[in-house]
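What follows is data_16.txt (compact mmCIF, C-alpha atoms).
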# COMPACT_ATOMS: atom_id res chain seq x y z
CA MET A 1 143.61 112.64 144.12
CA SER A 2 143.83 116.21 145.31
CA PRO A 3 141.45 118.45 143.31
CA GLU A 4 143.24 120.91 141.06
CA GLY A 5 142.40 124.57 140.64
CA PRO A 6 140.17 126.90 142.67
CA GLN A 7 137.68 125.73 145.29
CA LEU A 8 134.46 124.17 144.00
CA PRO A 9 132.11 126.92 142.82
CA SER A 10 128.43 127.20 143.65
CA THR A 11 126.79 126.08 140.42
CA PRO A 12 123.85 123.97 139.22
CA LEU A 13 126.48 121.78 137.55
CA LEU A 14 127.25 120.45 141.03
CA THR A 15 123.82 120.70 142.65
CA ALA A 16 121.05 120.09 140.10
CA ARG A 17 119.60 116.60 140.14
CA GLU A 18 117.98 117.08 136.74
CA THR A 19 117.47 119.71 134.08
CA PRO A 20 114.87 120.24 131.34
CA LEU A 21 117.65 121.59 129.11
CA SER A 22 119.73 119.55 126.70
CA ALA A 23 123.27 118.75 127.82
CA VAL A 24 124.83 121.52 125.72
CA GLU A 25 122.24 124.11 126.77
CA PHE A 26 122.72 123.22 130.42
CA LEU A 27 126.51 123.37 130.23
CA ARG A 28 126.40 126.74 128.47
CA ALA A 29 124.13 128.06 131.20
CA CYS A 30 126.62 126.88 133.84
CA GLY A 31 129.89 128.10 132.36
CA GLU A 32 132.17 128.19 129.34
CA ILE A 33 132.61 125.11 127.15
CA PHE A 34 136.27 125.18 126.19
CA ALA A 35 136.66 121.67 124.73
CA ARG A 36 134.52 119.06 123.00
CA PHE A 37 135.36 115.40 122.44
CA GLY A 38 133.03 113.61 120.05
CA GLU A 39 133.02 111.59 116.88
CA GLU A 40 136.38 113.00 115.82
CA THR A 41 138.13 111.29 118.74
CA GLN A 42 135.96 108.25 119.51
CA ASP A 43 133.44 105.92 117.95
CA SER A 44 131.29 105.21 121.00
CA GLY A 45 128.73 107.95 120.31
CA ASN A 46 129.48 109.58 123.66
CA ILE A 47 130.24 113.31 123.67
CA SER A 48 132.31 114.90 126.42
CA TYR A 49 133.09 118.50 127.24
CA GLY A 50 135.59 120.61 129.10
CA VAL A 51 133.67 123.23 131.07
CA ASP A 52 135.08 126.19 132.98
CA VAL A 53 132.95 127.47 135.86
CA GLY A 54 134.42 130.45 137.68
CA GLY A 55 137.98 129.39 136.92
CA ARG A 56 137.44 125.75 137.94
CA ARG A 57 137.60 123.21 135.13
CA PHE A 58 135.45 120.11 134.85
CA PHE A 59 135.23 117.19 132.43
CA VAL A 60 131.61 116.38 131.66
CA LYS A 61 130.73 113.13 129.91
CA THR A 62 127.37 112.56 128.18
CA PRO A 63 125.89 109.76 126.07
CA GLY A 64 125.71 112.09 123.09
CA ASP A 65 122.86 112.88 120.77
CA LEU A 66 119.47 111.20 121.08
CA GLY A 67 118.69 108.90 118.20
CA VAL A 68 122.32 108.41 117.24
CA SER A 69 123.37 104.76 117.24
CA THR A 70 126.80 103.37 116.47
CA ALA A 71 128.10 99.90 115.75
CA TRP A 72 129.12 99.92 119.39
CA ALA A 73 125.95 100.97 121.22
CA ASP A 74 122.69 102.89 120.92
CA HIS A 75 121.86 105.95 123.03
CA ARG A 76 120.04 104.02 125.76
CA VAL A 77 122.93 101.61 126.25
CA ARG A 78 125.43 104.48 126.37
CA GLY A 79 123.36 106.17 129.07
CA ASP A 80 123.18 102.97 131.10
CA LEU A 81 126.94 102.52 130.82
CA LEU A 82 127.53 106.06 132.09
CA ARG A 83 125.34 105.33 135.10
CA ASN A 84 127.44 102.21 135.62
CA ALA A 85 130.58 104.36 135.46
CA ALA A 86 129.11 106.56 138.20
CA VAL A 87 128.57 103.50 140.42
CA LEU A 88 132.19 102.47 139.86
CA ALA A 89 133.51 105.97 140.57
CA ARG A 90 131.59 106.10 143.83
CA SER A 91 132.94 102.71 144.89
CA LEU A 92 136.58 103.84 144.97
CA THR A 93 138.47 107.06 145.63
CA HIS A 94 142.00 106.98 144.22
CA ARG A 95 144.46 109.62 143.06
CA ALA A 96 144.59 107.97 139.62
CA LEU A 97 140.81 108.18 139.19
CA PRO A 98 139.46 111.66 138.35
CA ALA A 99 136.96 112.53 141.07
CA LEU A 100 133.29 112.28 140.12
CA HIS A 101 131.56 115.29 141.67
CA HIS A 102 127.99 114.96 140.48
CA VAL A 103 125.51 113.40 138.05
CA VAL A 104 122.79 115.47 136.39
CA GLU A 105 119.93 113.84 134.47
CA ALA A 106 119.00 115.68 131.25
CA PRO A 107 116.44 114.79 128.55
CA ASP A 108 119.34 113.45 126.46
CA GLY A 109 120.79 111.35 129.26
CA PRO A 110 123.06 111.62 132.31
CA LEU A 111 125.86 114.17 132.60
CA LEU A 112 128.80 112.89 134.66
CA VAL A 113 130.76 115.79 136.14
CA TYR A 114 134.39 114.87 136.84
CA ASP A 115 137.50 116.80 137.77
CA TRP A 116 139.40 117.99 134.74
CA VAL A 117 142.86 116.40 134.68
CA GLU A 118 145.88 117.51 132.69
CA GLY A 119 147.69 115.18 130.34
CA LEU A 120 147.40 113.38 127.01
CA LEU A 121 145.36 110.33 126.13
CA LEU A 122 147.75 107.53 125.20
CA ARG A 123 145.44 106.14 122.52
CA VAL A 124 146.37 107.21 119.01
CA GLU A 125 145.62 105.71 115.62
CA ALA A 126 147.73 102.64 114.85
CA ALA A 127 149.80 104.52 112.27
CA GLU A 128 150.64 107.17 114.89
CA ARG A 129 152.05 104.77 117.49
CA THR A 130 155.50 104.83 115.90
CA ARG A 131 155.47 108.54 115.11
CA PRO A 132 157.89 110.47 117.35
CA GLY A 133 155.93 113.13 119.17
CA SER A 134 152.68 111.18 119.47
CA SER A 135 151.52 110.62 123.04
CA PHE A 136 151.85 106.83 122.76
CA HIS A 137 155.36 106.99 121.27
CA ARG A 138 156.48 109.48 123.93
CA PHE A 139 155.13 107.27 126.72
CA VAL A 140 156.63 103.96 125.60
CA HIS A 141 160.02 105.65 125.18
CA LEU A 142 160.09 107.10 128.69
CA PRO A 143 162.76 105.73 131.03
CA PRO A 144 161.65 102.24 132.17
CA GLU A 145 161.22 103.38 135.75
CA ALA A 146 158.67 106.01 134.70
CA ILE A 147 156.61 103.38 132.87
CA LEU A 148 156.90 101.02 135.84
CA ARG A 149 155.62 103.76 138.16
CA ALA A 150 152.64 104.33 135.88
CA LEU A 151 151.93 100.60 135.94
CA ASP A 152 152.25 100.64 139.74
CA GLU A 153 149.34 103.10 139.82
CA ILE A 154 147.27 101.22 137.22
CA TYR A 155 147.72 97.95 139.10
CA ASP A 156 146.94 99.49 142.48
CA VAL A 157 143.66 100.87 141.12
CA HIS A 158 142.67 97.49 139.67
CA ARG A 159 143.59 95.60 142.83
CA ARG A 160 141.27 97.89 144.77
CA LEU A 161 138.51 97.67 142.18
CA ALA A 162 138.77 93.87 142.16
CA ALA A 163 138.36 93.86 145.93
CA ARG A 164 135.03 95.63 145.29
CA GLY A 165 133.99 93.06 142.70
CA TRP A 166 134.85 94.90 139.48
CA ILE A 167 136.20 93.10 136.40
CA ALA A 168 138.11 95.15 133.80
CA CYS A 169 136.31 95.20 130.45
CA ASP A 170 137.57 97.25 127.49
CA PHE A 171 140.69 98.53 129.28
CA TYR A 172 143.37 99.68 126.80
CA ASP A 173 145.67 102.63 126.14
CA GLY A 174 142.57 104.72 125.49
CA SER A 175 141.81 104.38 129.21
CA VAL A 176 145.05 106.13 130.22
CA ILE A 177 145.77 109.85 130.39
CA TYR A 178 149.40 110.62 131.18
CA ASP A 179 150.69 113.97 132.43
CA PHE A 180 154.22 114.15 131.04
CA GLU A 181 155.13 117.16 133.19
CA ARG A 182 154.09 115.68 136.53
CA HIS A 183 154.54 112.03 135.50
CA ALA A 184 151.04 111.33 136.77
CA VAL A 185 148.62 108.75 135.39
CA HIS A 186 144.84 109.04 135.29
CA LEU A 187 142.40 106.27 134.33
CA VAL A 188 139.25 107.18 132.42
CA ASP A 189 136.43 105.59 130.40
CA LEU A 190 135.92 102.58 132.67
CA ASP A 191 132.22 102.54 131.71
CA ASN A 192 132.23 98.90 130.56
CA TYR A 193 133.65 97.41 133.77
CA GLN A 194 131.28 94.84 135.26
CA ARG A 195 130.72 93.18 138.58
CA GLY A 196 131.93 89.66 138.27
CA PRO A 197 132.53 86.92 137.68
CA PHE A 198 130.17 86.55 134.72
CA VAL A 199 129.75 84.57 131.50
CA ASN A 200 130.81 85.94 128.12
CA GLU A 201 127.54 86.03 126.20
CA MET A 202 128.85 88.12 123.28
CA GLY A 203 131.58 86.05 121.72
CA ARG A 204 134.09 88.76 120.88
CA MET A 205 133.69 91.31 123.64
CA PHE A 206 134.39 95.02 123.29
CA GLY A 207 138.02 96.02 123.55
CA SER A 208 141.40 96.27 121.89
CA THR A 209 142.81 92.90 120.81
CA ARG A 210 146.23 94.01 122.10
CA PHE A 211 144.89 93.88 125.68
CA MET A 212 142.19 91.19 125.57
CA ALA A 213 142.33 87.72 127.10
CA PRO A 214 141.43 84.61 125.05
CA GLU A 215 138.20 84.10 127.00
CA GLU A 216 137.01 87.53 125.83
CA PHE A 217 136.65 86.01 122.35
CA ALA A 218 134.84 82.82 123.43
CA ARG A 219 131.07 82.76 123.97
CA GLY A 220 130.24 80.92 127.17
CA ALA A 221 133.67 81.49 128.76
CA ARG A 222 134.02 82.64 132.35
CA ILE A 223 135.18 86.24 132.80
CA ASP A 224 136.71 86.86 136.22
CA GLU A 225 139.69 88.36 138.02
CA GLY A 226 142.00 86.15 136.01
CA THR A 227 140.78 87.96 132.91
CA THR A 228 141.75 91.29 134.43
CA VAL A 229 145.13 89.82 135.41
CA PHE A 230 145.73 88.98 131.73
CA THR A 231 144.76 92.52 130.67
CA MET A 232 147.10 94.05 133.23
CA GLY A 233 149.93 91.83 132.03
CA ARG A 234 149.24 92.86 128.47
CA ALA A 235 149.42 96.52 129.52
CA ALA A 236 153.02 95.98 130.57
CA ALA A 237 153.78 93.99 127.41
CA VAL A 238 152.32 96.71 125.17
CA PHE A 239 153.96 99.61 126.96
CA PHE A 240 157.37 97.92 126.99
CA GLU A 241 157.16 96.49 123.47
CA PRO A 242 159.78 98.89 122.00
CA THR A 243 162.36 98.30 124.72
CA GLY A 244 161.51 94.95 126.30
CA ILE A 245 159.98 94.18 129.69
CA PRO A 246 162.47 94.91 132.51
CA ALA A 247 164.07 91.76 133.85
CA GLU A 248 162.83 92.14 137.41
CA VAL A 249 159.14 91.97 136.42
CA ARG A 250 159.38 89.81 133.29
CA GLU A 251 158.36 86.55 134.96
CA VAL A 252 155.38 88.22 136.63
CA VAL A 253 154.17 89.66 133.34
CA GLU A 254 154.70 86.39 131.47
CA ARG A 255 152.66 84.43 134.00
CA ALA A 256 149.88 87.03 133.94
CA CYS A 257 149.66 86.69 130.14
CA ARG A 258 149.39 82.90 129.94
CA GLU A 259 146.68 81.67 127.59
CA GLU A 260 145.19 79.24 130.09
CA PRO A 261 143.39 81.06 132.91
CA ALA A 262 144.39 78.38 135.44
CA GLU A 263 148.06 79.13 134.79
CA ARG A 264 147.80 82.85 135.60
CA TYR A 265 147.63 84.55 138.97
CA PRO A 266 144.08 83.76 140.10
CA THR A 267 143.36 87.18 141.60
CA LEU A 268 144.48 90.78 141.26
CA ALA A 269 145.69 90.64 144.86
CA ALA A 270 148.01 87.73 144.03
CA PHE A 271 149.23 89.45 140.87
CA HIS A 272 149.78 92.75 142.67
CA GLU A 273 151.67 91.04 145.49
CA ALA A 274 153.99 89.32 143.00
CA TRP A 275 154.45 92.57 141.06
CA THR A 276 155.24 94.55 144.20
CA ARG A 277 157.68 91.90 145.44
CA ALA A 278 159.46 91.92 142.07
CA ARG A 279 159.57 95.72 142.04
CA ASP A 280 160.93 95.93 145.56
CA GLY A 281 163.57 93.36 144.69
CA GLY A 282 164.55 95.25 141.53
CA THR A 283 165.75 98.78 141.03
CA ARG A 284 162.74 100.78 142.19
CA GLN A 285 163.80 104.29 143.08
CA GLY A 286 162.19 106.60 145.60
CA GLY A 287 159.68 104.07 146.97

Let me see whether you can do it: turn the structure in this file into structure tokens.
Amino acid sequence: MSPEGPQLPSTPLLTARETPLSAVEFLRACGEIFARFGEETQDSGNISYGVDVGGRRFFVKTPGDLGVSTAWADHRVRGDLLRNAAVLARSLTHRALPALHHVVEAPDGPLLVYDWVEGLLLRVEAAERTRPGSSFHRFVHLPPEAILRALDEIYDVHRRLAARGWIACDFYDGSVIYDFERHAVHLVDLDNYQRGPFVNEMGRMFGSTRFMAPEEFARGARIDEGTTVFTMGRAAAVFFEPTGIPAEVREVVERACREEPAERYPTLAAFHEAWTRARDGGTRQGG
């Protein structure tokens, strides 16, 4: 993805390996905090900030306040997951993944410094999904080709991540930022993705039930690329729920969403190949 805005400034935000300051103190010393995303928008305990440094905007994600635990994770776990997100970000460069520029270690955990991207998070409260004007409602009522193009990007990212061993965990509409002006999609909050395959040791894993595969509810079940295939199929099913899945990709989506893992596409590469073939044989416009 091409970086937006002015050239990267010279700032400790992009050079410091660690700081004795708290996250907020450090960010204030580096630039202007113009946005904060905390408990009012998420229940993870993480706190993120929009920071302007010399006219260049960054998105900085932190594990939040020390000592604060949620039903989802305590501070230590949140910090470990952010370090995992940094490993993932460094494993793949893609225009749909906001670039990770730097990681700074503070007393209250790591600060991940990403490009700021324009757009709206598709996740809204359940009651808001049918409200005209909400980001989710606007997206699912776009022309089908616009939604298909967004899915093209989402699937291309996951095919490439799968080739590097990553399994999608906790992917849902809260992982998607959509720029309605540029019709560009950005994927965020992939902190829970894991190298796989692995065994489900939790029972019900973290995630939205609208996107989760059956094995993500079964302790002892194998979680592998077929699980991600199911999640990607569910993304299409969810995003096309108001209008119906377009005919040219319907069979691909239906196979991806089969309950039995053995009946799905076994890999993201196989799923992506079938999706691309169906798209190219349909009404794709402009490549």

Query raised in the report: Between CA of Val229 in chain A and CA of Gly165 in chain A, what is the spacing in Å?
Result: 13.7 Å

With the cut-off set at 10 Å and counting all atoms listed in the file, tabulate each residue of range 124-234 of chain A with an atom at most that distance from an atom of range 249-261 of chain A, showing the nearest atom pair and its distance in Å to one decimal, ordered by chain and increasing number, as JSON lines.
{"residue": "A:Leu148", "atom": "CA", "partner": "A:Val249", "partner_atom": "CA", "distance": 9.3}
{"residue": "A:Phe211", "atom": "CA", "partner": "A:Cys257", "partner_atom": "CA", "distance": 9.7}
{"residue": "A:Met212", "atom": "CA", "partner": "A:Cys257", "partner_atom": "CA", "distance": 9.8}
{"residue": "A:Ala213", "atom": "CA", "partner": "A:Glu259", "partner_atom": "CA", "distance": 7.5}
{"residue": "A:Pro214", "atom": "CA", "partner": "A:Glu259", "partner_atom": "CA", "distance": 6.5}
{"residue": "A:Glu215", "atom": "CA", "partner": "A:Pro261", "partner_atom": "CA", "distance": 8.4}
{"residue": "A:Arg222", "atom": "CA", "partner": "A:Pro261", "partner_atom": "CA", "distance": 9.5}
{"residue": "A:Ile223", "atom": "CA", "partner": "A:Pro261", "partner_atom": "CA", "distance": 9.7}
{"residue": "A:Asp224", "atom": "CA", "partner": "A:Pro261", "partner_atom": "CA", "distance": 9.4}
{"residue": "A:Glu225", "atom": "CA", "partner": "A:Pro261", "partner_atom": "CA", "distance": 9.6}
{"residue": "A:Gly226", "atom": "CA", "partner": "A:Pro261", "partner_atom": "CA", "distance": 6.1}
{"residue": "A:Thr227", "atom": "CA", "partner": "A:Pro261", "partner_atom": "CA", "distance": 7.4}
{"residue": "A:Thr228", "atom": "CA", "partner": "A:Ala256", "partner_atom": "CA", "distance": 9.2}
{"residue": "A:Val229", "atom": "CA", "partner": "A:Ala256", "partner_atom": "CA", "distance": 5.7}
{"residue": "A:Phe230", "atom": "CA", "partner": "A:Cys257", "partner_atom": "CA", "distance": 4.8}
{"residue": "A:Thr231", "atom": "CA", "partner": "A:Cys257", "partner_atom": "CA", "distance": 7.6}
{"residue": "A:Met232", "atom": "CA", "partner": "A:Ala256", "partner_atom": "CA", "distance": 7.6}
{"residue": "A:Gly233", "atom": "CA", "partner": "A:Val253", "partner_atom": "CA", "distance": 4.9}
{"residue": "A:Arg234", "atom": "CA", "partner": "A:Cys257", "partner_atom": "CA", "distance": 6.4}

May I have a table of the residues of range 219-262 of chain A lying at most 12 Å from range 121-137 of chain A, giving each one's closest pair of atoms and their distance in Å to one decimal, counting all atoms listed in the file, ordered by chain and ascending residue number, as CSV?
residue,atom,partner,partner_atom,distance
A:Ala235,CA,A:Leu122,CA,11.9
A:Val238,CA,A:Phe136,CA,10.4
A:Phe239,CA,A:Phe136,CA,8.6
A:Phe240,CA,A:His137,CA,10.9
A:Glu241,CA,A:His137,CA,10.9
A:Pro242,CA,A:His137,CA,9.3
A:Thr243,CA,A:His137,CA,11.7

Query raised in the report: If you measure from CA of Ala16 in chain A to CA of Val104 in chain A, what distance in Å do you get, rounded to one decimal?
Result: 6.2 Å

Query raised in the report: So how many Å separate CA of Arg264 in chain A and CA of Pro144 in chain A, to one decimal?
Result: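 Rounded to one decimal, the two atoms are 24.1 Å apart.
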
Report task. May I have the residues within 12 Å of Leu88 in chain A as a PyMOL selection string, using all atoms listed in the file and disregarding those fewer than 2 positions away in the same chain? Result -> chain A and resi 81-86+90-94+97-100+157-158+160-162+164-168+188-195

Serialized selection, C-alpha atoms, as a PDB file, keeping the file's coordinate frame:
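In the end it all went to out34.pdb:
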ATOM      1  CA  LEU A  81     126.940 102.520 130.820  1.00  0.00           C
ATOM      2  CA  LEU A  82     127.530 106.060 132.090  1.00  0.00           C
ATOM      3  CA  ARG A  83     125.340 105.330 135.100  1.00  0.00           C
ATOM      4  CA  ASN A  84     127.440 102.210 135.620  1.00  0.00           C
ATOM      5  CA  ALA A  85     130.580 104.360 135.460  1.00  0.00           C
ATOM      6  CA  ALA A  86     129.110 106.560 138.200  1.00  0.00           C
ATOM      7  CA  ARG A  90     131.590 106.100 143.830  1.00  0.00           C
ATOM      8  CA  SER A  91     132.940 102.710 144.890  1.00  0.00           C
ATOM      9  CA  LEU A  92     136.580 103.840 144.970  1.00  0.00           C
ATOM     10  CA  THR A  93     138.470 107.060 145.630  1.00  0.00           C
ATOM     11  CA  HIS A  94     142.000 106.980 144.220  1.00  0.00           C
ATOM     12  CA  LEU A  97     140.810 108.180 139.190  1.00  0.00           C
ATOM     13  CA  PRO A  98     139.460 111.660 138.350  1.00  0.00           C
ATOM     14  CA  ALA A  99     136.960 112.530 141.070  1.00  0.00           C
ATOM     15  CA  LEU A 100     133.290 112.280 140.120  1.00  0.00           C
ATOM     16  CA  VAL A 157     143.660 100.870 141.120  1.00  0.00           C
ATOM     17  CA  HIS A 158     142.670  97.490 139.670  1.00  0.00           C
ATOM     18  CA  ARG A 160     141.270  97.890 144.770  1.00  0.00           C
ATOM     19  CA  LEU A 161     138.510  97.670 142.180  1.00  0.00           C
ATOM     20  CA  ALA A 162     138.770  93.870 142.160  1.00  0.00           C
ATOM     21  CA  ARG A 164     135.030  95.630 145.290  1.00  0.00           C
ATOM     22  CA  GLY A 165     133.990  93.060 142.700  1.00  0.00           C
ATOM     23  CA  TRP A 166     134.850  94.900 139.480  1.00  0.00           C
ATOM     24  CA  ILE A 167     136.200  93.100 136.400  1.00  0.00           C
ATOM     25  CA  ALA A 168     138.110  95.150 133.800  1.00  0.00           C
ATOM     26  CA  VAL A 188     139.250 107.180 132.420  1.00  0.00           C
ATOM     27  CA  ASP A 189     136.430 105.590 130.400  1.00  0.00           C
ATOM     28  CA  LEU A 190     135.920 102.580 132.670  1.00  0.00           C
ATOM     29  CA  ASP A 191     132.220 102.540 131.710  1.00  0.00           C
ATOM     30  CA  ASN A 192     132.230  98.900 130.560  1.00  0.00           C
ATOM     31  CA  TYR A 193     133.650  97.410 133.770  1.00  0.00           C
ATOM     32  CA  GLN A 194     131.280  94.840 135.260  1.00  0.00           C
ATOM     33  CA  ARG A 195     130.720  93.180 138.580  1.00  0.00           C
TER      34      ARG A 195
END

Which residues come within 7 Å of range 34-36 of chain A, counting all atoms listed in the file, excluding same-chain residues fewer than 6 positions away, as a PDB file with C-alpha atoms, in the frame of the given file?
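This went into selection19.pdb:
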ATOM      1  CA  SER A  48     132.310 114.900 126.420  1.00  0.00           C
ATOM      2  CA  TYR A  49     133.090 118.500 127.240  1.00  0.00           C
ATOM      3  CA  GLY A  50     135.590 120.610 129.100  1.00  0.00           C
ATOM      4  CA  VAL A  51     133.670 123.230 131.070  1.00  0.00           C
ATOM      5  CA  ASP A  52     135.080 126.190 132.980  1.00  0.00           C
TER       6      ASP A  52
END

Requested in this report: Tell me, as a PyMOL selection string, which residues lie within 6 Å of range 53-59 of chain A, counting all atoms listed in the file; anything in the same chain fewer than 2 positions away does not count.
Outcome: chain A and resi 5-6+31+49-51+113-116

Six-sided padding of 3 Å per side, axis-aligned box over range 26-40 of chain A, centre and edges in Å, one decimal, as lines of an AutoDock Vina configuration file:
center_x = 129.7
center_y = 119.9
center_z = 124.8
size_x = 19.9
size_y = 22.6
size_z = 24.0

Report task. Check the smallest atom-to-atom distance from each of A:Tyr155, A:Phe180, A:Gly67, A:Leu27 to Pro143 in chain A using only C-alpha atoms, then report the winner. Result ->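 Counting only C-alpha atoms, the residue closest to Pro143 in chain A is A:Phe180.
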
Report summary line: Restricting to only C-alpha atoms, whichever of A:Gly64, A:Gly207, A:Pro20, A:Pro9 is closest to Asp170 in chain A is A:Gly207

Requested in this report: Find the residue from A:Arg28, A:Gln7, A:Gly119, A:Tyr172 that sits nearest to Ala237 in chain A; use only C-alpha atoms when measuring.
Outcome: A:Tyr172

**Report entry** Counting only C-alpha atoms, the option among A:Ser175, A:Thr11, A:Thr267, A:Thr209 closest to Cys30 in chain A
**Finding:**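 Closest to Cys30 in chain A of all the choices is A:Thr11.
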
Requested in this report: Name the closest residue to His183 in chain A among the candidates A:Asp156, A:Asp280, A:Glu118, A:Glu216; distances are taken between atoms, counting only C-alpha atoms.
Outcome: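 Looking at the shortest contact to His183 in chain A, the residue is A:Glu118.
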
Report task. Tell me which of A:Ala218, A:Ala96, A:Ile245, A:Val87 sits closest to Val185 in chain A, counting all atoms listed in the file. Result -> A:Ala96

Any chance you could build range 125-132 of chain A out to all heavy atoms and write it as a short mmCIF file (atom, residue, chain, number, x, y, z; two decimals), keeping the file's coordinate frame?
data_model
loop_
_atom_site.label_atom_id
_atom_site.label_comp_id
_atom_site.auth_asym_id
_atom_site.auth_seq_id
_atom_site.Cartn_x
_atom_site.Cartn_y
_atom_site.Cartn_z
N GLU A 125 145.84 106.64 116.73
CA GLU A 125 145.62 105.71 115.62
C GLU A 125 146.85 104.83 115.46
O GLU A 125 147.98 105.24 115.76
CB GLU A 125 145.34 106.48 114.33
CG GLU A 125 144.05 107.28 114.36
CD GLU A 125 142.82 106.41 114.54
OE1 GLU A 125 142.82 105.27 114.03
OE2 GLU A 125 141.87 106.87 115.20
N ALA A 126 146.64 103.60 114.96
CA ALA A 126 147.73 102.64 114.85
C ALA A 126 148.94 103.20 114.11
O ALA A 126 150.09 102.98 114.52
CB ALA A 126 147.23 101.37 114.16
N ALA A 127 148.70 103.96 113.06
CA ALA A 127 149.80 104.52 112.27
C ALA A 127 150.60 105.55 113.04
O ALA A 127 151.75 105.85 112.70
CB ALA A 127 149.27 105.13 110.98
N GLU A 128 149.99 106.12 114.11
CA GLU A 128 150.64 107.17 114.89
C GLU A 128 151.49 106.61 116.03
O GLU A 128 152.26 107.35 116.64
CB GLU A 128 149.59 108.12 115.47
CG GLU A 128 148.84 108.92 114.43
CD GLU A 128 149.74 109.97 113.80
OE1 GLU A 128 150.17 110.89 114.52
OE2 GLU A 128 150.03 109.86 112.60
N ARG A 129 151.34 105.32 116.33
CA ARG A 129 152.05 104.77 117.49
C ARG A 129 153.56 104.83 117.34
O ARG A 129 154.28 104.88 118.33
CB ARG A 129 151.60 103.32 117.74
CG ARG A 129 150.17 103.20 118.22
CD ARG A 129 149.78 101.74 118.42
NE ARG A 129 148.33 101.60 118.43
CZ ARG A 129 147.66 100.59 117.92
NH1 ARG A 129 148.33 99.58 117.35
NH2 ARG A 129 146.35 100.55 117.97
N THR A 130 154.04 104.79 116.12
CA THR A 130 155.50 104.83 115.90
C THR A 130 155.98 106.22 115.49
O THR A 130 157.15 106.39 115.17
CB THR A 130 155.90 103.82 114.82
OG1 THR A 130 155.18 104.09 113.62
CG2 THR A 130 155.61 102.39 115.28
N ARG A 131 155.07 107.19 115.51
CA ARG A 131 155.47 108.54 115.11
C ARG A 131 156.05 109.29 116.31
O ARG A 131 155.36 109.52 117.29
CB ARG A 131 154.28 109.32 114.55
CG ARG A 131 154.65 110.75 114.09
CD ARG A 131 153.44 111.49 113.58
NE ARG A 131 152.47 111.77 114.62
CZ ARG A 131 152.57 112.77 115.52
NH1 ARG A 131 153.63 113.58 115.49
NH2 ARG A 131 151.63 112.95 116.43
N PRO A 132 157.31 109.68 116.25
CA PRO A 132 157.89 110.47 117.35
C PRO A 132 157.05 111.73 117.58
O PRO A 132 156.66 112.41 116.65
CB PRO A 132 159.29 110.81 116.84
CG PRO A 132 159.61 109.74 115.86
CD PRO A 132 158.29 109.40 115.20
#
